[in-house]
Amino acid sequence: MPVIGFHNSHEQVHPAALLTAVQHAEDVGFTAAMCSDHLTPWNPRQGESGFAWSWLGAAMATTGLPFGAVNAPGQRYHPVIVAQAVATLGAMFPGRFWVALGSGEAMNEHVTGDKWPPKQARDARLRECVDVIRALLAGEEVTHDGLVRVERAKIYTLPEVQPALIAPAVSVATARNGADWADGLVTINQPHDKLREMIAAYRDAGGQGKLVLQVHVSWDPDPDRALGIAHDQWRSNVFPPPLCWDLDSPEAFEQASAHVAPEHVTDAVRVSADLGQHTAWLQEYLDLGFDEIYLHHVGKEQRPFLDAFGEHVLPQLGVTAAAPVAAIDPPGPAENLRPRVDPVPAP
């Protein structure tokens with residue numbers, strides 16, 4: 001039986017309203033939640049930038065849901081700070097937190113003033129960050145000198161149940177690369193053949209744990225309004241990598257999406273006024289093998305979507321509660337930390 005969760009978009013909704021929304025999501029039958037972690041929105045019309053880690057404490061204290069968050073350690077966040085945040089939430093809410101660790105996007109990371117590295121360097125940096133975070137969560141003292149630097153770091157408040165570290169991926173190559181370190185895989189709605197290929201690449205490379213899918217949806221009783229919501233809010237999110245990684249401001253995304261027609265947004269967002277159609281789409285994703293699906297209604301108003309899906313969609317899918325969240329393998333000792341690859345030269 002599947003877990004159907006509610007995705008909380010900090011780029012689009014004020015954190016106070018988002019807190020009310022996730023509480024209501026639990027009331028209407030959603031059994032899990034996840035959230036983004038952005039400094040900026042994808043376009044000026046989205047217009048929000050709530051701090052995910054402050055919000056997560058409030059959300060987890062006022063619901064009983066398990067939560068996940070998407071985070072990019074290595075530039076805007078030092079991995080020691082990420083590990084401390086993960087440890088604290090894990091200690092306060094045992095078995096209820098996981099984090100997806102990715103290589104990030106320039107729009108959030110450029111603010112440090114450091115150079116935005118090429119993808120190969122970002123992936124290598126992420127792998128070092130994962131090792132640092134795992135060792136710290138194991139209670140080790142960590143010193144590391146590589147693409148990230150750590151000196152004698154140690155976290156004293158540790159969770160009894162180590163939170164899962166999930167690999168986020170939008171490409172087959174990234175899914176394959178995450179298999180050797182991740183406790184699961186999370187991706188976004190894409191064509192079925194692409195999703196099958198990603199799952200196979202992850203599993204064939206030894207990837208373990210749960211398969212998680214975030215699905216962007218737009219629903220309104222009026223089909224024209226459903227399409228209009230998707231076009232207004234999410235047309236800046238139709239670009240594949242590397243463009244979506246490298247644009248560095250909401251204004252840049254707005255300019256790039258100026259000529260995106262409404263019908264082209266349906267490649268990235270499941271748009272329909274028909275709740276039966278939404279149910280069928282979600283069942284197709286479950287049939288592909290995903291264990292958990294997190295629904296992101298791309299509009300700024302969440303309650304009508306939550307009420308409609310809670311009444312008409314979730315009961316059709318046999319939604320169940322999530323199992324306790326935990327890392328699969330214990331972290332290795334900190335003394336084994338070392339750069340995974342040689343430094344990557346500038347292109």
# chains A, B, ... in the order shown; residues from 1 in each chain; ligands from 1
call {"tool": "residues_around", "arguments": {"residues": "Thr143 (chain A)", "least_positions_apart": "4", "cutoff": "6 Å", "atoms": "only C-alpha atoms", "output": "PyMOL selection string"}}
result
chain A and resi 150-152
call {"tool": "select_by_dssp", "arguments": {"residues": "region 92-190 of chain A", "states": "helix (DSSP H, G or I)", "output": "number ranges by chain"}}
result
A: 92, 106-112, 119-137, 172-180
call {"tool": "write_last_selection", "arguments": {"atoms": "C-alpha atoms", "output": "compact mmCIF listing (two decimals), in the first residue's frame"}}
result
# COMPACT_ATOMS: atom_id res chain seq x y z
CA MET A 92 13.59 15.24 18.56
CA ALA A 106 23.21 28.25 -8.98
CA MET A 107 20.13 30.31 -8.12
CA ASN A 108 20.46 29.33 -4.46
CA GLU A 109 24.18 28.78 -4.14
CA HIS A 110 25.78 31.77 -5.92
CA VAL A 111 25.07 34.04 -2.94
CA THR A 112 28.21 32.92 -1.10
CA LYS A 119 28.74 19.54 -12.63
CA GLN A 120 31.58 17.02 -12.23
CA ALA A 121 33.07 19.06 -9.41
CA ARG A 122 29.68 19.56 -7.76
CA ASP A 123 29.05 15.82 -7.80
CA ALA A 124 32.47 15.14 -6.27
CA ARG A 125 31.86 17.79 -3.62
CA LEU A 126 28.50 16.26 -2.79
CA ARG A 127 30.06 12.84 -2.31
CA GLU A 128 32.54 14.28 0.17
CA CYS A 129 29.72 16.06 2.00
CA VAL A 130 27.77 12.81 2.30
CA ASP A 131 30.77 11.09 3.89
CA VAL A 132 31.24 13.97 6.32
CA ILE A 133 27.56 14.01 7.29
CA ARG A 134 27.37 10.23 7.77
CA ALA A 135 30.47 10.18 9.95
CA LEU A 136 29.20 13.05 12.10
CA LEU A 137 25.84 11.33 12.54
CA VAL A 172 19.87 8.25 -15.23
CA ALA A 173 23.54 9.01 -14.56
CA THR A 174 22.80 10.76 -11.27
CA ALA A 175 20.54 7.92 -10.15
CA ARG A 176 23.33 5.43 -10.88
CA ASN A 177 25.94 7.54 -9.09
CA GLY A 178 23.84 7.77 -5.94
CA ALA A 179 23.49 4.02 -5.57
CA ASP A 180 26.69 3.53 -3.58
call {"tool": "residues_around", "arguments": {"residues": "region 269-276 of chain A", "least_positions_apart": "6", "cutoff": "9 Å", "atoms": "only C-alpha atoms", "output": "NGL selection string"}}
result
:A and (189 or 215-227 or 230 or 234 or 238 or 298 or 308-309 or 312-313)
call {"tool": "closest_residue", "arguments": {"among": "A:Gly318, A:Gln84, A:Gly104, A:Leu306", "to": "Trp116 (chain A)", "atoms": "only C-alpha atoms"}}
result
A:Gly104
call {"tool": "closest_residue", "arguments": {"among": "A:Val28, A:Ala280, A:Val70, A:Ala169", "to": "Trp98 (chain A)", "atoms": "only C-alpha atoms"}}
result
A:Val70
call {"tool": "closest_residue", "arguments": {"among": "A:Gln214, A:Ser249, A:Ser103, A:Gln283", "to": "His296 (chain A)", "atoms": "only C-alpha atoms"}}
result
A:Gln214
